[in-house]
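J.: To start, I am sharing the structure in question, which I have written as structure tokens.
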Amino acid sequence: MQLDFVNRELTIKLVYYGPALSGKTTNLQALHKAAEPGASGRLMTLETRDDRTLFFDLLPLTFRNQGSLAVRLKVFTVPGQVIHASTRRLVVQGADGIAFIADSRSAETQHNAESFIDLKENLKQHGLTLKQMPVVIQFNKRDLPEVRSDAEIAELASHGREPVYLAVAMRGQGVVESFVGLLHLTWSALDAEHDLNKKFGFDSDAFLQTVAKKLGDPRPLRDILGACVGGALDVLKPEAG
Amino acid sequence: MTAPPLPQKSLDELTLGGNVALEDLVSRDGLTEVVKSANELFGLPIRVFAEDGKLLADAAESVELYAYLNTSRSGRAALSEVVAAVKALAPGPEGEAEYTCVTGARYRVAAIIYDSRQIGRMILGPFSADPSAGPPASLLALDPQLDTDNLRALHRKLPQSSEQTVSLVARHLARVLDLLLFSGHRALLTSNMHLASVRESFRELEDKNQKLQVAYDRLKELDRLKSNFLATVSHELRTPLTSIIGYSEMLVEGLAGELTSEQRDFVQTIRDKGDQLLALIKGLLDLSKLESGTMSLRKNQVDVAALVKDVVTTMTPTARKKEVELAFEVEKGLPAIWADAERLRQVLLNLTENAIKFTPVSGSVRLTAKIAGMDAQTGGDAGGMVLLGARRTAVELRVLDTGIGIPENERSRVFDAFYQVDSSSTREVGGTGLGLSIVKRLVDAHDGAVRIEANEPRGAVFVVTIPVRRATIG
């Protein structure tokens, strides 16, 4: 997070993490497509010739709030392929929140787990733990055959601390919900640490509602946040020290 | 060597921070070209300024009216006021602002916005939006010394453009610039990520290297400890064993009274096994000395032919007992080699004994000696033969057998201590598995080389190459 008091600007870094080909870039593309003109900048992709992400994708989103605080969101993806370990470590540095995009297919279960361990390891390298980091998990590609069942995911999610979302990013389903959930969790953590709401006269719920609306979701915030299975959207507080 | 720390902030600075400057992303020359091309297309003077007010691109020809005004004092003063006013013109929240100067000409200022931040301004103008209106009174009244007809004529020559066109040009330029800035930013990020990734990979490798080095040092230390332990234990074992052998010898010789033939047989067995054990301990001791590099070689000029003959003579009874033919062949005129005769004899004895051991009845074992080029033998011409070939002449000793042979993939491992190709054969033919590892180390200590080849149609050939002279180079 970067705070510019003079220009009343807050920059938050969100990272979409996950195994190769799980749909991280597709999530960003869907967000970019859904965003109102003016809210989103160009989606920058640094990709190889075969359309795989080489370094990262970057989607800048900017929202101005009633407290005249400009919130700039920089949404990154990491390259999922195993060989890009060092790049992932660089991109995840300084992240304020992480959306972990998992591939729903049963055959990908192992890759999902390996990537999550990789995330944990990379956070550790930066002196962070998963407990300190706002994380949401998205099970993408729900429309494919041979995916893990809703019931199985719900059962596992009910034991976990991270909110879990089901999505078909190719069709934009579940993308905004995951994003708003992540932003909510991230904002709560940053607010608990920096007292942002009070300092800037900021109404975070109204802000989240605006964000959802500008991303094309007119539903009440409660409904959007309620779209997750398992986990908890209000328990995350930064560890003391 | 310590690994460099994680690169700090490079990516964040470039993506999160607000300090991206126009000039970081596009070159001045490129910007000037774009602006000039727009100027040619629409006839509008255009200038681009950085956020700090620095002029980055200028496509504005001199305006004749202004040149004329500059000839009068009050004209000059009025113009400098215009320049100051235009420079101070800030595009409002809409991103645009306009100014009409004393000549009636207009200026349009548009913000250059990237990533929702203003990073520069462009100024379009002066232009005249309505030429039919003529010069304003303020221009004509500026200085009585200025000729009004001339002023009217020059006013007509001001660049002309409708308000709408100016808006379109400004918007078009903003879009072109946005694309240029985006591409520039992307390229900047890519190259920075390349560098950062390489640095990060380097750091990771350094880290791993360091860990490997620590592990390697530890292993080396363990190896040294093992050799020390081996040397000490062997030495301690040898002392009581010598007594056992000595006393059993005395018993056999009847120094303690006559023995029955059965008693003599038993004591003789104790003696024989004692000798075997001693040989094994000596082998271990040799090995540990060779490994720790404490074995001293007494090198001298050694006559290879005599040595081979001696080994064959020594081994003939063993060969005969196993009904294996033993022969040798030494090239005439072999030079003497610089070696420890006793150790070299040990090498040949060991190889010959092995060969006999693994050769079936009515097979044959042959020893040969001839002169050879050292480097030519160890891998053909790997380049620079003309320079290196003559460097070291060597004597090549071969022990050929017609035994079971050694598979190619086992050939490098048979020289490891305690290794045997087929452990089941150990029980059949005996042996400690130490012999070949000692051979290898003894040959190494002579700057020589030992390798294994196949003997056609069956069997193995051990080839030992010992340089004629001491290695003085390399």
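Chain labels follow the order of the structure tokens: the first chain is A, the next B, and so on; residue numbering restarts at 1 in every chain, and ligands are counted from 1 in their shown order.
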Kindly assemble as CSV a list of the chain A residues that lie within 9 Å of chain B, each paired with its nearest atom pair and their distance in Å to one decimal, using only C-alpha atoms, sorted first by chain and then by ascending residue number.
T.:
residue,atom,partner,partner_atom,distance
A:Met1,CA,B:Leu16,CA,8.5
A:Gln2,CA,B:Leu16,CA,7.5
A:Thr11,CA,B:Leu16,CA,6.5
A:Ile12,CA,B:Leu16,CA,8.0
A:Lys13,CA,B:Leu16,CA,7.7
A:Gly38,CA,B:Ser116,CA,8.5
A:Ser40,CA,B:Asp115,CA,9.0
A:Gly41,CA,B:Asp115,CA,6.4
A:Arg42,CA,B:Phe182,CA,8.0
A:Met44,CA,B:Arg186,CA,7.0
A:Thr45,CA,B:Arg186,CA,8.1
A:Leu46,CA,B:Thr190,CA,6.9
A:Phe55,CA,B:Met193,CA,6.9
A:Leu58,CA,B:Thr15,CA,8.5
A:Pro60,CA,B:Asp115,CA,7.3
A:Leu61,CA,B:Asp115,CA,8.8
A:Thr62,CA,B:Ser116,CA,7.4
A:Arg72,CA,B:Leu16,CA,8.6
A:Leu73,CA,B:Leu16,CA,8.8
A:Lys74,CA,B:Leu16,CA,7.0
A:His84,CA,B:Ser197,CA,8.6
A:Ala85,CA,B:Ser201,CA,8.6
A:Ser86,CA,B:Glu200,CA,5.8
A:Thr87,CA,B:Ser197,CA,5.6
A:Arg89,CA,B:Glu200,CA,8.6
A:Leu90,CA,B:Ser197,CA,7.5
A:Val91,CA,B:Leu11,CA,7.4
A:Gln93,CA,B:Lys9,CA,8.3
A:Gly94,CA,B:Asp12,CA,7.5
A:Gln125,CA,B:Leu6,CA,8.9
A:His126,CA,B:Leu6,CA,8.5
J.: Skipping near chain neighbours, those fewer than 4 positions away, what residues fall within 12 Å of His194 (chain A) using only C-alpha atoms, listed as a list of chain:residue names?
T.: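 Listing them by chain and then by number gives A:Met1, A:Gln2, A:Leu3, A:Leu10, A:Thr186, A:Trp187, A:Ser188, A:Ala189, A:Leu190, A:Lys198, A:Lys199, A:Phe200, A:Lys237, A:Pro238.
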J.: Apply DSSP to the structure's backbone, then extract all residues of region 193-238 of chain A labelled alpha helix (DSSP H) and return them as JSON, numbers by chain.
T.: {"A": [193, 194, 196, 197, 198, 199, 204, 205, 206, 207, 208, 209, 210, 211, 212, 213, 214, 221, 222, 223, 224, 225]}
J.: May I ask for the distance between CA of Lys214 (chain A) and CA of Val176 (chain B), given in Å to one decimal place?
T.: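 Going from CA of Lys214 (chain A) over to CA of Val176 (chain B), I get 26.1 Å.
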J.: Can you tell me, as a list of chain:residue names, which residues in region 64-193 of chain B count as strand (DSSP E) by DSSP?
T.: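 DSSP-assigned strand (DSSP E) residues in region 64-193 of chain B: B:Glu96, B:Ala97, B:Glu98, B:Tyr99, B:Thr100, B:Arg106, B:Tyr107, B:Arg108, B:Val109, B:Ala110, B:Ala111, B:Ile112, B:Ile113, B:Tyr114, B:Arg117, B:Gln118, B:Ile119, B:Gly120, B:Arg121, B:Met122, B:Ile123, B:Leu124, B:Gly125, B:Pro126, B:Phe127.
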J.: For C-alpha atoms, I'd like the residues from the last selection saved as a CSV table (one decimal), in the first residue's frame.
T.:
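Listing of selection.csv after writing:
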chain,number,residue,atom,x,y,z
B,96,GLU,CA,-8.9,21.7,-21.0
B,97,ALA,CA,-8.7,25.4,-20.8
B,98,GLU,CA,-8.6,28.3,-23.4
B,99,TYR,CA,-7.0,31.7,-23.5
B,100,THR,CA,-7.6,34.6,-26.0
B,106,ARG,CA,-6.6,31.7,-29.1
B,107,TYR,CA,-4.7,29.1,-27.2
B,108,ARG,CA,-6.0,25.8,-26.1
B,109,VAL,CA,-4.4,23.9,-23.3
B,110,ALA,CA,-5.1,20.2,-22.8
B,111,ALA,CA,-3.8,17.9,-20.0
B,112,ILE,CA,-1.8,14.8,-20.9
B,113,ILE,CA,-3.1,12.2,-18.6
B,114,TYR,CA,-1.6,8.8,-18.0
B,117,ARG,CA,-2.6,11.4,-13.4
B,118,GLN,CA,-1.7,14.5,-15.3
B,119,ILE,CA,1.9,14.2,-16.4
B,120,GLY,CA,2.1,17.0,-18.9
B,121,ARG,CA,0.3,19.6,-21.1
B,122,MET,CA,-0.1,20.4,-24.7
B,123,ILE,CA,-0.7,23.8,-26.0
B,124,LEU,CA,-2.4,24.3,-29.3
B,125,GLY,CA,-2.3,27.8,-30.8
B,126,PRO,CA,-2.2,30.5,-31.5
B,127,PHE,CA,-5.0,30.1,-33.9
J.: Which residue, A:Asp203, A:Asp223, A:Asp217, A:Glu155, has the smallest gap to Ala35 (chain A) when you use only C-alpha atoms?
T.: A:Asp217
J.: Quick one: residues within 7 Å of region 102-108 of chain A, only C-alpha atoms counted, chain neighbours fewer than 2 positions away excluded, as a list in words?
T.: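 Close residues of region 102-108 of chain A: Gly18, Pro19, Ser22, Phe100, Gln110, His111, Asn112, Gln138, Phe139, Asn140, Lys141, Arg142, Glu146, Val147 and Arg148 of chain A.
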J.: With only C-alpha atoms as the counted atoms, please give the residues lying no more than 8 Å from Phe328 (chain B), apart from itself and same-chain residues fewer than 4 positions off, as an MDAnalysis selection string.
T.: chainID B and resid 308:309 312 366:368
J.: What's the 7 Å shell around Ala169 (chain A), counting only C-alpha atoms, without same-chain residues fewer than 6 positions away, as a ChimeraX atom specification?
T.: /A:23,26-27,30,140-141,175
J.: Could you save those same residues with C-alpha atoms as a compact mmCIF listing (two decimals), in the first residue's frame?
T.:
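The file below, part_17.txt, is the result:
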# COMPACT_ATOMS: atom_id res chain seq x y z
CA GLY A 23 -7.45 -18.35 -15.48
CA THR A 26 -8.90 -14.29 -17.82
CA ASN A 27 -10.10 -12.89 -14.48
CA ALA A 30 -13.24 -10.04 -17.34
CA ASN A 140 -12.54 -21.32 -11.65
CA LYS A 141 -13.75 -23.27 -14.70
CA VAL A 175 -15.21 -12.64 -11.16
J.: Just to confirm, what's the straight-line distance from CA of Arg8 (chain A) to CA of Asp191 (chain A) in Å (one decimal)?
T.: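 Taking CA of Arg8 (chain A) as the start and CA of Asp191 (chain A) as the end point, the length is 15.6 Å.
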J.: For Leu233 (chain A), list every protein, DNA or RNA residue within 10 Å, evaluated using only C-alpha atoms, and leave out those in the same chain fewer than 4 positions away; present the list as a PyMOL selection string.
T.: chain A and resi 134-136+161-163+181-182+184-186+188+225-226+228
